[in-house]
Every structure is written in structure tokens, then in C-alpha cells.
Number of protein chains: 2
Amino acid sequence: MTEAGLRERKQERQRAELVRIGMRLFSEQGFDATTVDEIAEAAEVSRRTLFRYFGTKADIVMEWARGTTAVLTASLRDRPLDEHPMDSLNAVFVAMCESFIERPRTMHRVSVMIERTPSLRPYSLLKHAQWEDALAAVLRERTPEIGELRSGLLARIAVAAFRTALDEWMSTEGDTVPTAYVDRAFGAVRDGLV
Amino acid sequence: MTEAGLRERKQERQRAELVRIGMRLFSEQGFDATTVDEIAEAAEVSRRTLFRYFGTKADIVMEWARGTTAVLTASLRDRPLDEHPMDSLNAVFVAMCESFIERPRTMHRVSVMIERTPSLRPYSLLKHAQWEDALAAVLRERTPEIGELRSGLLARIAVAAFRTALDEWMSTEGDTVPTAYVDRAFGAVRDGLV
DNA sequence: ACACAAAGCGGCACTGAGTGACAGCTGACA
DNA sequence: TGTCAGCTGTCACTCAGTGCCGCTTTGTGT
């Protein structure tokens, strides 16, 4: 049994290709207007095969979203262990914003598109729920004694802060990346909003 | 044009009846295992008519859930103004739980059905987002000087606390209503989780 | 080089959700 | 009581998702 055989790598490429083609068609024609058959045909696989890679059509979008989750969790794993978890989470979201620092307008346009398009709303929320679960898991992995309740709360409150910050920022022109808004929201949480 | 004609009242009753029957079947057999035809047959309407009342199968669950938003906002409006907003929100969620105090097992079964059925997840998140928006709006309506940031954060953190509490409670047998879990989650938030 | 087993793949047929069109019925109102 | 808008059921269709089966590919042992 080879560690990373030809088969596995081929599958990974195929999977990535399907996501790429699917996301392109979705953004061009809309999610509902794009059929699975179209994606399968464009990727030159059978419909049945596509459903072996992705259980549902929405899973293609979720696979794409998983990329952002991976960025966040990797970033959180890099934070010093003696830092307060909420400060780590603050830093993680700020870092994500800063990765778009060269193209603030693009980030603004995409954010508004995703958050303010009604048919896309459920997927955005699904993505945020994915963030919450993944971040809570990393918190427990870093300090197991933190517990389910505390890790779950911290992750959800952090995502809540980010969503609130993004909400404010989306009402602006978006000439700059929303780091200041994120810091302000986390600051409000820290300063005993409670 | 009569204010509340026979037709309108008949429709309202029909609509409520469909929700009642649908929710009963969903909680008995699960959401995916229940077909629209079953619900239609049990309610003695045609499949097509059911789809005129509810655009999708999930809308039946959403209609049921919509009631909860109204309950929450009404409950929040009744809280004393000198109470700390987070305490008001805590009380509001506890009150919602207590309204199910006679049928804790039913609440447990329905909660698990809604939260743990993958195809229902987006709708559950949509419902929570609806709660957040509605509760934030009531907070601003009660004390306009609270501002967008603070009201948004408070509402989202409250819903985060409730979701975390519900998550823990759903892992139990559900012999009792989750009031204790809710209080514990809000307590953790209050006690400077941050 | 050859054979073999396992896994992936495509085709087919099926169920269930959701929709458009059309025809029949019924309640509101003059 | 007749008229008509609006509700209802029937039918036929598209698309998502699944089980089954036979074929092909690929990793592996001899």
C-alpha cells in the first residue's frame, strides 16, 4: 500500500477540478440555474461519478468554503499558547483581512455579493458555522482543559464579532480592509460588553 | 372586500393544519424520511396544493420556527428597561425554554430533528440569523443610544450562548427543558469568558 | 511479463422535490 | 341567482440524489 499513490493524487486533482468548474458555473449563471449535468459534462465525467465525489450539489460550494476554514485554523494554530484565546481569535480574523490588503475593493465586492445575495445567504451561514466548529476544535486541541462549553462559546462569539464588524464595514465604501472594524468589535467584547 | 373573509380564515386554518401534521410526521419519522405526499395525504389535500402553501418542504419547518422569533421579540419588549441587556436576553431564552416545560421530550425530539438533519441545517442557521436581527432591532428600539455595533454584538452573542447551550442539551436524554444549560452558558459569558 | 483483486467508473432505472399548464369547482358580491 | 376571480386537483415534466450492475483501470504479488 503506497502512502500517496497515483490514484489518490489523481482523485485530488479531479476533486479540485470539479470545484473549480462548479464555482465558475455557479458564479456565472447562479447556483440554482446550474445543473449537476452541466458541471459533469464540463468536467468530462459522468453524473454518477460527480455524485461519488460530492454527495450534494451544495457540497461543491462547501468544499470551496473549506479553504477559508483551513486558513483560519492554520492561523490559530500559529498563535502563542499563553495568549488569551479571544486575543488569538481576534488576531486570526485580522490576519485573514490583511491577506486581502492589496485588493480591499475586491474583498468588499465579494463580501457584499455573498452576504447580501438572498439565495447565497444560507451558504454564507453554513460557512460561518463551519468556522465556529473548526475554531472550537482547534481551541480544544491546543488546551484540552478548556472544555466544550467554553471553546464553543469563544469560537461562536469570535465569529459573531467578525460578522458584526463585516456588517458595519460592508455599509462603507470599502476603500480599506476591515481590520479596524474587526479590532473595534473584538475590543467591545473584551471591554465587558456583557 | 371583507376584512377577514371565510376564504382567508379557511386558508389560515389549512396552513396551520399542514404545519401541525408536517411537524408531527417530521418528528416521528425524521425530515428526509417523510415525503411531501405523506403530509398531503394526511392533510387530505393534493400534493400541488401543499406546494402552493409552502414553496419547499423545509418551509413547513420554517413556518413553525417563525413563531419562535415573534415569541422572543415580544418577550424582550416585556423586560424592564433598567435591566442589563444581556440579562434580558438570558431571561428571554429561558422563558422560551420554559414554555415547553410540560413537554420536554417533544422539544428535545424537535430540536434534534432540526439541528441534526443535514438538509435542514441551512434553515436552522437562517432562523438563528433571523433571531439575531430581530433581537438587535428590539434592543435599539428600547434604547436607541445603544448603537449598531453594541446591539448587533449583544444579540449575536446571546444567540451564540443559546446555540451552545442547546448543543450540550441535545447530547443528553432530554428529560428536562434546557433552562439550566442556557443559564450556564449566559453565566459563562457574564463571568468574563473574554 | 503476467495474473489477480480491489477500486473507480459509467450506464440505467428508480424515487422524491419542485414547477408549469390547464380544467373544474367554489366562495364573494352584485 | 348569475358571474367571476381565485382556489383546487390532475397531469406531465425537470432535476437532485441513489442503488445496482457490469466494465475498466490500477496497484501488487509472483
# chains A, B, ... in the order shown; residues from 1 in each chain; ligands from 1
>>> calpha_fit_rmsd(fixed="chain A", moving="chain B")
2.6 Å
>>> residues_around(residues="Pro104 (chain B)", least_positions_apart="2", cutoff="7 Å", atoms="only C-alpha atoms (C1' of nucleotides)", output="MDAnalysis selection string")
chainID B and resid 100:102 106:108 174:177
>>> interface_residues(of="chain C", to="chain B", cutoff="12 Å", atoms="only C-alpha atoms (C1' of nucleotides)", output="list in words")
DT15, DG16, DA17, DG18, DT19, DG20, DT26, DG27, DA28 and DC29 of chain C
>>> write_last_selection(atoms="C-alpha atoms (C1' of nucleotides)", output="PDB file, in the first residue's frame")
ATOM      1  C1'  DT C  15     -37.690   7.781  -6.027  1.00  0.00           C
ATOM      2  C1'  DG C  16     -38.734  12.288  -4.407  1.00  0.00           C
ATOM      3  C1'  DA C  17     -38.812  17.536  -4.697  1.00  0.00           C
ATOM      4  C1'  DG C  18     -40.456  21.189  -7.162  1.00  0.00           C
ATOM      5  C1'  DT C  19     -42.941  23.584 -11.355  1.00  0.00           C
ATOM      6  C1'  DG C  20     -45.937  24.906 -15.323  1.00  0.00           C
ATOM      7  C1'  DT C  26     -66.412  27.486  -5.055  1.00  0.00           C
ATOM      8  C1'  DG C  27     -66.998  31.470  -2.407  1.00  0.00           C
ATOM      9  C1'  DA C  28     -67.680  36.668  -2.671  1.00  0.00           C
ATOM     10  C1'  DC C  29     -70.549  40.033  -4.427  1.00  0.00           C
TER      11       DC C  29
END
>>> interface_residues(of="chain B", to="chain A", cutoff="7 Å", atoms="only C-alpha atoms", output="VMD selection string")
chain B and resid 86 122 125 to 126 149 152 to 153 156 to 157 160 to 161 164 190 194
>>> interface_residues(of="chain D", to="chain B", cutoff="12 Å", atoms="only C-alpha atoms (C1' of nucleotides)", output="number ranges by chain")
D: 6-11
>>> write_last_selection(atoms="N, CA and C atoms (P, O5', C5', C4', C3', O3' and C1' of nucleotides)", output="short mmCIF file (atom, residue, chain, number, x, y, z; two decimals), in the first residue's frame")
data_model
loop_
_atom_site.label_atom_id
_atom_site.label_comp_id
_atom_site.auth_asym_id
_atom_site.auth_seq_id
_atom_site.Cartn_x
_atom_site.Cartn_y
_atom_site.Cartn_z
P DG D 6 -58.14 37.49 -8.08
"O5'" DG D 6 -58.15 36.16 -7.22
"C5'" DG D 6 -59.08 36.01 -6.14
"C4'" DG D 6 -59.17 34.55 -5.76
"C3'" DG D 6 -57.82 33.82 -5.71
"O3'" DG D 6 -57.83 32.96 -4.59
"C1'" DG D 6 -59.27 32.65 -7.08
P DC D 7 -56.44 32.52 -3.92
"O5'" DC D 7 -56.76 31.03 -3.48
"C5'" DC D 7 -58.00 30.73 -2.83
"C4'" DC D 7 -58.47 29.36 -3.22
"C3'" DC D 7 -57.40 28.28 -3.09
"O3'" DC D 7 -57.84 27.28 -2.17
"C1'" DC D 7 -58.53 28.12 -5.18
P DT D 8 -56.87 26.11 -1.73
"O5'" DT D 8 -57.19 24.95 -2.76
"C5'" DT D 8 -58.51 24.38 -2.80
"C4'" DT D 8 -58.61 23.41 -3.96
"C3'" DT D 8 -57.50 22.37 -4.00
"O3'" DT D 8 -57.98 21.12 -3.55
"C1'" DT D 8 -58.01 23.27 -6.17
P DG D 9 -56.97 19.89 -3.35
"O5'" DG D 9 -57.04 19.16 -4.77
"C5'" DG D 9 -58.30 18.69 -5.24
"C4'" DG D 9 -58.17 18.11 -6.65
"C3'" DG D 9 -57.10 17.02 -6.80
"O3'" DG D 9 -57.64 15.94 -7.54
"C1'" DG D 9 -56.69 18.77 -8.35
P DT D 10 -56.83 14.60 -7.75
"O5'" DT D 10 -56.35 14.64 -9.27
"C5'" DT D 10 -57.26 15.09 -10.27
"C4'" DT D 10 -56.55 15.13 -11.63
"C3'" DT D 10 -55.44 14.09 -11.82
"O3'" DT D 10 -55.62 13.47 -13.08
"C1'" DT D 10 -54.62 16.25 -12.31
P DC D 11 -54.74 12.18 -13.50
"O5'" DC D 11 -53.67 12.84 -14.49
"C5'" DC D 11 -54.11 13.78 -15.47
"C4'" DC D 11 -52.91 14.42 -16.16
"C3'" DC D 11 -51.70 13.49 -16.35
"O3'" DC D 11 -51.31 13.50 -17.71
"C1'" DC D 11 -51.05 15.55 -15.39
#
>>> select_by_dssp(residues="chain A", states="alpha helix (DSSP H)", output="short mmCIF file (atom, residue, chain, number, x, y, z; two decimals) with N, CA and C atoms, in the first residue's frame")
data_model
loop_
_atom_site.label_atom_id
_atom_site.label_comp_id
_atom_site.auth_asym_id
_atom_site.auth_seq_id
_atom_site.Cartn_x
_atom_site.Cartn_y
_atom_site.Cartn_z
N LEU A 6 -0.74 7.00 -6.98
CA LEU A 6 -1.18 7.72 -8.18
C LEU A 6 -2.68 7.99 -8.09
N ARG A 7 -3.40 6.96 -7.61
CA ARG A 7 -4.85 7.05 -7.53
C ARG A 7 -5.30 8.24 -6.69
N GLU A 8 -4.72 8.34 -5.48
CA GLU A 8 -5.12 9.40 -4.56
C GLU A 8 -4.87 10.78 -5.16
N ARG A 9 -3.70 10.94 -5.75
CA ARG A 9 -3.35 12.25 -6.30
C ARG A 9 -4.27 12.60 -7.46
N LYS A 10 -4.57 11.59 -8.27
CA LYS A 10 -5.48 11.79 -9.40
C LYS A 10 -6.85 12.23 -8.89
N GLN A 11 -7.31 11.57 -7.82
CA GLN A 11 -8.60 11.92 -7.24
C GLN A 11 -8.61 13.35 -6.71
N GLU A 12 -7.52 13.72 -6.06
CA GLU A 12 -7.44 15.07 -5.51
C GLU A 12 -7.52 16.11 -6.61
N ARG A 13 -6.83 15.83 -7.71
CA ARG A 13 -6.85 16.75 -8.84
C ARG A 13 -8.25 16.83 -9.43
N GLN A 14 -8.86 15.66 -9.60
CA GLN A 14 -10.21 15.60 -10.14
C GLN A 14 -11.18 16.40 -9.26
N ARG A 15 -11.06 16.20 -7.96
CA ARG A 15 -11.91 16.87 -6.98
C ARG A 15 -11.76 18.39 -7.08
N ALA A 16 -10.51 18.84 -7.13
CA ALA A 16 -10.23 20.27 -7.22
C ALA A 16 -10.77 20.84 -8.53
N GLU A 17 -10.63 20.05 -9.59
CA GLU A 17 -11.11 20.49 -10.90
C GLU A 17 -12.63 20.66 -10.89
N LEU A 18 -13.30 19.72 -10.26
CA LEU A 18 -14.77 19.79 -10.18
C LEU A 18 -15.19 21.03 -9.40
N VAL A 19 -14.49 21.34 -8.31
CA VAL A 19 -14.81 22.53 -7.52
C VAL A 19 -14.59 23.78 -8.38
N ARG A 20 -13.46 23.79 -9.10
CA ARG A 20 -13.13 24.95 -9.92
C ARG A 20 -14.20 25.20 -10.97
N ILE A 21 -14.55 24.15 -11.70
CA ILE A 21 -15.57 24.27 -12.75
C ILE A 21 -16.93 24.61 -12.16
N GLY A 22 -17.29 23.92 -11.08
CA GLY A 22 -18.57 24.18 -10.43
C GLY A 22 -18.70 25.63 -9.98
N MET A 23 -17.67 26.14 -9.29
CA MET A 23 -17.72 27.50 -8.77
C MET A 23 -17.77 28.52 -9.92
N ARG A 24 -17.10 28.21 -11.01
CA ARG A 24 -17.13 29.12 -12.16
C ARG A 24 -18.55 29.20 -12.72
N LEU A 25 -19.16 28.03 -12.93
CA LEU A 25 -20.52 28.00 -13.46
C LEU A 25 -21.51 28.64 -12.49
N PHE A 26 -21.35 28.36 -11.20
CA PHE A 26 -22.25 28.96 -10.21
C PHE A 26 -22.19 30.48 -10.26
N SER A 27 -20.96 31.01 -10.30
CA SER A 27 -20.82 32.47 -10.26
C SER A 27 -21.26 33.11 -11.57
N GLU A 28 -21.22 32.32 -12.65
CA GLU A 28 -21.65 32.86 -13.94
C GLU A 28 -23.16 32.86 -14.09
N GLN A 29 -23.78 31.70 -13.71
CA GLN A 29 -25.20 31.52 -14.00
C GLN A 29 -26.06 31.52 -12.76
N VAL A 36 -26.34 19.84 -12.24
CA VAL A 36 -25.23 18.94 -11.99
C VAL A 36 -24.72 18.36 -13.31
N ASP A 37 -25.62 18.11 -14.23
CA ASP A 37 -25.24 17.57 -15.53
C ASP A 37 -24.30 18.51 -16.27
N GLU A 38 -24.56 19.80 -16.17
CA GLU A 38 -23.68 20.78 -16.81
C GLU A 38 -22.27 20.68 -16.27
N ILE A 39 -22.17 20.62 -14.94
CA ILE A 39 -20.86 20.54 -14.30
C ILE A 39 -20.15 19.26 -14.72
N ALA A 40 -20.91 18.15 -14.68
CA ALA A 40 -20.34 16.86 -15.04
C ALA A 40 -19.83 16.88 -16.48
N GLU A 41 -20.64 17.46 -17.37
CA GLU A 41 -20.26 17.49 -18.77
C GLU A 41 -19.02 18.36 -18.98
N ALA A 42 -19.02 19.54 -18.31
CA ALA A 42 -17.89 20.46 -18.44
C ALA A 42 -16.61 19.82 -17.90
N ALA A 43 -16.74 18.96 -16.90
CA ALA A 43 -15.56 18.32 -16.30
C ALA A 43 -15.26 16.98 -16.97
N ARG A 47 -22.31 11.94 -14.56
CA ARG A 47 -23.11 12.46 -13.47
C ARG A 47 -22.93 11.61 -12.22
N ARG A 48 -22.93 10.28 -12.41
CA ARG A 48 -22.80 9.35 -11.29
C ARG A 48 -21.46 9.53 -10.57
N THR A 49 -20.42 9.74 -11.34
CA THR A 49 -19.08 9.93 -10.75
C THR A 49 -19.04 11.22 -9.93
N LEU A 50 -19.63 12.28 -10.46
CA LEU A 50 -19.65 13.54 -9.72
C LEU A 50 -20.29 13.35 -8.35
N PHE A 51 -21.35 12.54 -8.32
CA PHE A 51 -22.03 12.32 -7.04
C PHE A 51 -21.24 11.40 -6.13
N ARG A 52 -20.19 10.75 -6.66
CA ARG A 52 -19.31 9.98 -5.78
C ARG A 52 -18.31 10.93 -5.11
N TYR A 53 -17.97 12.00 -5.78
CA TYR A 53 -17.06 12.99 -5.20
C TYR A 53 -17.80 13.90 -4.22
N LYS A 57 -25.06 18.87 -4.50
CA LYS A 57 -24.57 20.00 -5.29
C LYS A 57 -23.96 21.05 -4.37
N ALA A 58 -24.61 21.27 -3.23
CA ALA A 58 -24.13 22.28 -2.28
C ALA A 58 -22.75 21.93 -1.72
N ASP A 59 -22.44 20.63 -1.71
CA ASP A 59 -21.14 20.21 -1.17
C ASP A 59 -19.98 20.79 -1.98
N ILE A 60 -20.23 21.09 -3.23
CA ILE A 60 -19.18 21.71 -4.06
C ILE A 60 -18.85 23.09 -3.51
N VAL A 61 -19.87 23.85 -3.16
CA VAL A 61 -19.66 25.17 -2.56
C VAL A 61 -18.98 25.03 -1.20
N MET A 62 -19.42 24.04 -0.44
CA MET A 62 -18.86 23.84 0.90
C MET A 62 -17.39 23.44 0.83
N GLU A 63 -17.05 22.66 -0.17
CA GLU A 63 -15.65 22.27 -0.36
C GLU A 63 -14.79 23.51 -0.61
N TRP A 64 -15.35 24.41 -1.42
CA TRP A 64 -14.66 25.67 -1.69
C TRP A 64 -14.50 26.48 -0.41
N ALA A 65 -15.57 26.54 0.38
CA ALA A 65 -15.54 27.31 1.64
C ALA A 65 -14.53 26.73 2.61
N ARG A 66 -14.32 25.41 2.50
CA ARG A 66 -13.41 24.75 3.42
C ARG A 66 -12.01 25.35 3.35
N GLY A 67 -11.67 25.91 2.21
CA GLY A 67 -10.38 26.57 2.05
C GLY A 67 -10.20 27.70 3.04
N THR A 68 -11.23 28.53 3.19
CA THR A 68 -11.14 29.65 4.12
C THR A 68 -11.04 29.15 5.56
N THR A 69 -11.76 28.05 5.84
CA THR A 69 -11.70 27.47 7.18
C THR A 69 -10.28 27.00 7.49
N ALA A 70 -9.65 26.38 6.52
CA ALA A 70 -8.29 25.87 6.71
C ALA A 70 -7.32 27.01 7.00
N VAL A 71 -7.50 28.14 6.32
CA VAL A 71 -6.66 29.31 6.56
C VAL A 71 -6.79 29.77 8.00
N LEU A 72 -8.05 29.85 8.48
CA LEU A 72 -8.30 30.31 9.84
C LEU A 72 -7.70 29.37 10.88
N THR A 73 -7.91 28.07 10.71
CA THR A 73 -7.42 27.12 11.71
C THR A 73 -5.89 27.08 11.73
N ALA A 74 -5.29 27.13 10.55
CA ALA A 74 -3.82 27.13 10.49
C ALA A 74 -3.28 28.36 11.21
N SER A 75 -3.94 29.49 10.98
CA SER A 75 -3.54 30.74 11.60
C SER A 75 -3.66 30.66 13.12
N LEU A 76 -4.73 30.05 13.58
CA LEU A 76 -4.95 29.92 15.03
C LEU A 76 -3.91 29.02 15.68
N ARG A 77 -3.53 27.97 14.97
CA ARG A 77 -2.52 27.05 15.49
C ARG A 77 -1.16 27.73 15.67
N PRO A 85 -7.30 33.24 24.52
CA PRO A 85 -7.96 32.69 23.33
C PRO A 85 -8.67 33.75 22.50
N MET A 86 -9.36 34.70 23.16
CA MET A 86 -10.11 35.69 22.40
C MET A 86 -9.16 36.63 21.64
N ASP A 87 -7.99 36.88 22.22
CA ASP A 87 -7.00 37.69 21.52
C ASP A 87 -6.44 36.94 20.32
N SER A 88 -6.25 35.63 20.49
CA SER A 88 -5.79 34.80 19.37
C SER A 88 -6.79 34.85 18.24
N LEU A 89 -8.06 34.69 18.59
CA LEU A 89 -9.12 34.69 17.58
C LEU A 89 -9.19 36.04 16.88
N ASN A 90 -9.05 37.11 17.67
CA ASN A 90 -9.02 38.46 17.11
C ASN A 90 -7.91 38.55 16.06
N ALA A 91 -6.73 38.10 16.45
CA ALA A 91 -5.57 38.15 15.55
C ALA A 91 -5.80 37.34 14.28
N VAL A 92 -6.44 36.19 14.46
CA VAL A 92 -6.70 35.29 13.33
C VAL A 92 -7.57 35.96 12.27
N PHE A 93 -8.63 36.61 12.72
CA PHE A 93 -9.54 37.27 11.78
C PHE A 93 -8.89 38.50 11.15
N VAL A 94 -8.10 39.22 11.95
CA VAL A 94 -7.38 40.37 11.40
C VAL A 94 -6.41 39.91 10.32
N ALA A 95 -5.73 38.78 10.60
CA ALA A 95 -4.78 38.25 9.61
C ALA A 95 -5.49 37.89 8.31
N MET A 96 -6.68 37.31 8.44
CA MET A 96 -7.42 36.95 7.23
C MET A 96 -7.76 38.20 6.42
N CYS A 97 -8.18 39.25 7.11
CA CYS A 97 -8.48 40.51 6.43
C CYS A 97 -7.23 41.05 5.74
N GLU A 98 -6.11 40.98 6.46
CA GLU A 98 -4.88 41.57 5.92
C GLU A 98 -4.34 40.83 4.70
N PRO A 104 -8.51 45.63 -1.40
CA PRO A 104 -9.65 45.84 -0.48
C PRO A 104 -10.98 45.93 -1.21
N ARG A 105 -10.99 46.58 -2.38
CA ARG A 105 -12.24 46.73 -3.12
C ARG A 105 -12.78 45.37 -3.56
N THR A 106 -11.88 44.49 -3.96
CA THR A 106 -12.31 43.15 -4.37
C THR A 106 -12.94 42.42 -3.21
N MET A 107 -12.27 42.48 -2.04
CA MET A 107 -12.83 41.83 -0.87
C MET A 107 -14.20 42.41 -0.53
N HIS A 108 -14.32 43.73 -0.67
CA HIS A 108 -15.58 44.39 -0.38
C HIS A 108 -16.68 43.91 -1.33
N ARG A 109 -16.36 43.86 -2.60
CA ARG A 109 -17.34 43.47 -3.61
C ARG A 109 -17.80 42.02 -3.38
N VAL A 110 -16.83 41.13 -3.16
CA VAL A 110 -17.16 39.72 -2.95
C VAL A 110 -17.96 39.54 -1.67
N SER A 111 -17.56 40.24 -0.61
CA SER A 111 -18.28 40.14 0.67
C SER A 111 -19.72 40.57 0.52
N VAL A 112 -19.91 41.72 -0.12
CA VAL A 112 -21.27 42.22 -0.31
C VAL A 112 -22.09 41.24 -1.14
N MET A 113 -21.45 40.70 -2.18
CA MET A 113 -22.14 39.74 -3.05
C MET A 113 -22.61 38.53 -2.25
N ILE A 114 -21.69 37.97 -1.45
CA ILE A 114 -22.01 36.75 -0.70
C ILE A 114 -23.03 37.01 0.41
N GLU A 115 -22.83 38.12 1.14
CA GLU A 115 -23.67 38.37 2.32
C GLU A 115 -25.02 38.97 1.99
N ARG A 116 -25.10 39.69 0.89
CA ARG A 116 -26.34 40.40 0.60
C ARG A 116 -27.17 39.77 -0.53
N ARG A 121 -27.23 33.47 1.03
CA ARG A 121 -27.20 33.63 2.48
C ARG A 121 -27.02 32.31 3.24
N PRO A 122 -27.81 31.28 2.92
CA PRO A 122 -27.66 30.02 3.65
C PRO A 122 -26.25 29.47 3.58
N TYR A 123 -25.58 29.62 2.44
CA TYR A 123 -24.24 29.08 2.31
C TYR A 123 -23.23 29.89 3.10
N SER A 124 -23.47 31.18 3.16
CA SER A 124 -22.61 32.02 3.98
C SER A 124 -22.72 31.62 5.45
N LEU A 125 -23.95 31.39 5.89
CA LEU A 125 -24.16 30.99 7.28
C LEU A 125 -23.56 29.63 7.55
N LEU A 126 -23.67 28.74 6.56
CA LEU A 126 -23.08 27.41 6.68
C LEU A 126 -21.56 27.51 6.83
N LYS A 127 -20.99 28.44 6.06
CA LYS A 127 -19.55 28.65 6.13
C LYS A 127 -19.15 29.16 7.52
N HIS A 128 -19.91 30.09 8.05
CA HIS A 128 -19.60 30.62 9.37
C HIS A 128 -19.75 29.55 10.45
N ALA A 129 -20.75 28.68 10.30
CA ALA A 129 -20.93 27.57 11.24
C ALA A 129 -19.73 26.63 11.16
N GLN A 130 -19.24 26.45 9.93
CA GLN A 130 -18.05 25.61 9.73
C GLN A 130 -16.85 26.22 10.46
N TRP A 131 -16.70 27.53 10.35
CA TRP A 131 -15.63 28.24 11.06
C TRP A 131 -15.74 28.00 12.56
N GLU A 132 -16.97 28.18 13.07
CA GLU A 132 -17.19 28.03 14.51
C GLU A 132 -16.74 26.65 14.99
N ASP A 133 -17.19 25.61 14.27
CA ASP A 133 -16.85 24.24 14.67
C ASP A 133 -15.35 24.00 14.60
N ALA A 134 -14.74 24.46 13.51
CA ALA A 134 -13.31 24.20 13.31
C ALA A 134 -12.46 24.97 14.33
N LEU A 135 -12.82 26.23 14.58
CA LEU A 135 -12.05 27.03 15.54
C LEU A 135 -12.20 26.48 16.96
N ALA A 136 -13.41 26.05 17.30
CA ALA A 136 -13.63 25.45 18.63
C ALA A 136 -12.78 24.19 18.78
N ALA A 137 -12.70 23.40 17.72
CA ALA A 137 -11.92 22.16 17.76
C ALA A 137 -10.44 22.47 17.97
N VAL A 138 -9.93 23.51 17.30
CA VAL A 138 -8.52 23.87 17.47
C VAL A 138 -8.26 24.39 18.89
N LEU A 139 -9.21 25.15 19.42
CA LEU A 139 -9.07 25.64 20.81
C LEU A 139 -8.94 24.47 21.78
N ARG A 140 -9.77 23.43 21.58
CA ARG A 140 -9.72 22.26 22.47
C ARG A 140 -8.44 21.47 22.25
N GLU A 141 -7.98 21.45 21.01
CA GLU A 141 -6.76 20.73 20.67
C GLU A 141 -5.55 21.40 21.32
N ARG A 142 -5.57 22.75 21.39
CA ARG A 142 -4.46 23.49 21.99
C ARG A 142 -4.48 23.42 23.51
N GLY A 147 -12.63 22.76 27.64
CA GLY A 147 -13.99 22.23 27.71
C GLY A 147 -14.85 22.61 26.51
N GLU A 148 -15.93 21.85 26.36
CA GLU A 148 -16.85 22.03 25.23
C GLU A 148 -17.54 23.39 25.28
N LEU A 149 -18.06 23.72 26.46
CA LEU A 149 -18.85 24.95 26.61
C LEU A 149 -18.03 26.17 26.27
N ARG A 150 -16.84 26.27 26.92
CA ARG A 150 -16.02 27.45 26.76
C ARG A 150 -15.46 27.58 25.34
N SER A 151 -15.01 26.47 24.78
CA SER A 151 -14.47 26.52 23.42
C SER A 151 -15.56 26.88 22.42
N GLY A 152 -16.74 26.28 22.60
CA GLY A 152 -17.85 26.57 21.71
C GLY A 152 -18.26 28.03 21.79
N LEU A 153 -18.34 28.54 23.01
CA LEU A 153 -18.73 29.94 23.21
C LEU A 153 -17.71 30.90 22.60
N LEU A 154 -16.43 30.64 22.90
CA LEU A 154 -15.37 31.53 22.39
C LEU A 154 -15.40 31.59 20.86
N ALA A 155 -15.47 30.43 20.23
CA ALA A 155 -15.47 30.39 18.76
C ALA A 155 -16.68 31.12 18.20
N ARG A 156 -17.85 30.85 18.79
CA ARG A 156 -19.08 31.47 18.27
C ARG A 156 -19.08 32.97 18.50
N ILE A 157 -18.58 33.41 19.66
CA ILE A 157 -18.54 34.85 19.93
C ILE A 157 -17.56 35.54 18.99
N ALA A 158 -16.44 34.87 18.71
CA ALA A 158 -15.46 35.44 17.79
C ALA A 158 -16.08 35.62 16.40
N VAL A 159 -16.76 34.58 15.92
CA VAL A 159 -17.39 34.67 14.61
C VAL A 159 -18.49 35.74 14.63
N ALA A 160 -19.20 35.83 15.76
CA ALA A 160 -20.23 36.87 15.91
C ALA A 160 -19.60 38.25 15.79
N ALA A 161 -18.45 38.43 16.44
CA ALA A 161 -17.75 39.72 16.38
C ALA A 161 -17.33 40.02 14.94
N PHE A 162 -16.80 39.00 14.28
CA PHE A 162 -16.37 39.21 12.89
C PHE A 162 -17.55 39.56 11.99
N ARG A 163 -18.65 38.83 12.15
CA ARG A 163 -19.84 39.10 11.33
C ARG A 163 -20.35 40.51 11.57
N THR A 164 -20.36 40.94 12.83
CA THR A 164 -20.83 42.28 13.16
C THR A 164 -19.92 43.34 12.54
N ALA A 165 -18.63 43.08 12.64
CA ALA A 165 -17.65 44.01 12.06
C ALA A 165 -17.82 44.09 10.54
N LEU A 166 -17.96 42.93 9.92
CA LEU A 166 -18.11 42.86 8.47
C LEU A 166 -19.37 43.61 8.04
N ASP A 167 -20.42 43.45 8.84
CA ASP A 167 -21.69 44.10 8.58
C ASP A 167 -21.52 45.61 8.50
N GLU A 168 -20.81 46.17 9.49
CA GLU A 168 -20.56 47.61 9.52
C GLU A 168 -19.72 48.04 8.32
N TRP A 169 -18.66 47.26 8.10
CA TRP A 169 -17.72 47.60 7.03
C TRP A 169 -18.38 47.55 5.66
N MET A 170 -19.32 46.61 5.48
CA MET A 170 -19.98 46.49 4.18
C MET A 170 -20.84 47.70 3.87
N THR A 179 -9.92 45.67 8.96
CA THR A 179 -9.18 45.37 10.19
C THR A 179 -9.63 46.23 11.37
N ALA A 180 -9.83 47.53 11.12
CA ALA A 180 -10.21 48.44 12.20
C ALA A 180 -11.56 48.05 12.78
N TYR A 181 -12.50 47.67 11.94
CA TYR A 181 -13.82 47.27 12.39
C TYR A 181 -13.75 46.00 13.22
N VAL A 182 -12.91 45.07 12.76
CA VAL A 182 -12.75 43.80 13.48
C VAL A 182 -12.17 44.07 14.87
N ASP A 183 -11.11 44.89 14.91
CA ASP A 183 -10.50 45.21 16.20
C ASP A 183 -11.48 45.91 17.14
N ARG A 184 -12.30 46.79 16.57
CA ARG A 184 -13.26 47.52 17.37
C ARG A 184 -14.32 46.57 17.95
N ALA A 185 -14.78 45.63 17.12
CA ALA A 185 -15.79 44.67 17.60
C ALA A 185 -15.22 43.77 18.69
N PHE A 186 -14.01 43.25 18.46
CA PHE A 186 -13.39 42.41 19.49
C PHE A 186 -13.09 43.25 20.74
N GLY A 187 -12.73 44.51 20.53
CA GLY A 187 -12.49 45.41 21.65
C GLY A 187 -13.73 45.58 22.50
N ALA A 188 -14.88 45.74 21.84
CA ALA A 188 -16.16 45.89 22.56
C ALA A 188 -16.45 44.64 23.38
N VAL A 189 -16.15 43.48 22.78
CA VAL A 189 -16.37 42.22 23.50
C VAL A 189 -15.47 42.17 24.73
N ARG A 190 -14.20 42.53 24.53
CA ARG A 190 -13.21 42.48 25.60
C ARG A 190 -13.57 43.44 26.73
#
>>> atom_distance(atom1="C1' of DA7 (chain C)", atom2="C1' of DC15 (chain D)")
29.1 Å
>>> residues_around(residues="DC14 (chain C)", least_positions_apart="2", cutoff="12 Å", atoms="only C-alpha atoms (C1' of nucleotides)", output="MDAnalysis selection string")
(chainID C and resid 12 16) or (chainID D and resid 17:20)
>>> atom_distance(atom1="CA of Arg103 (chain B)", atom2="CA of Ala33 (chain B)")
23.7 Å
>>> closest_residue(among="D:DG27, D:DT3, D:DC13, D:DC21", to="DA6 (chain C)", atoms="only C-alpha atoms (C1' of nucleotides)")
D:DG27
>>> residues_around(residues="DC23 (chain D)", least_positions_apart="3", cutoff="12 Å", atoms="only C-alpha atoms (C1' of nucleotides)", output="VMD selection string")
chain C and resid 8 to 11
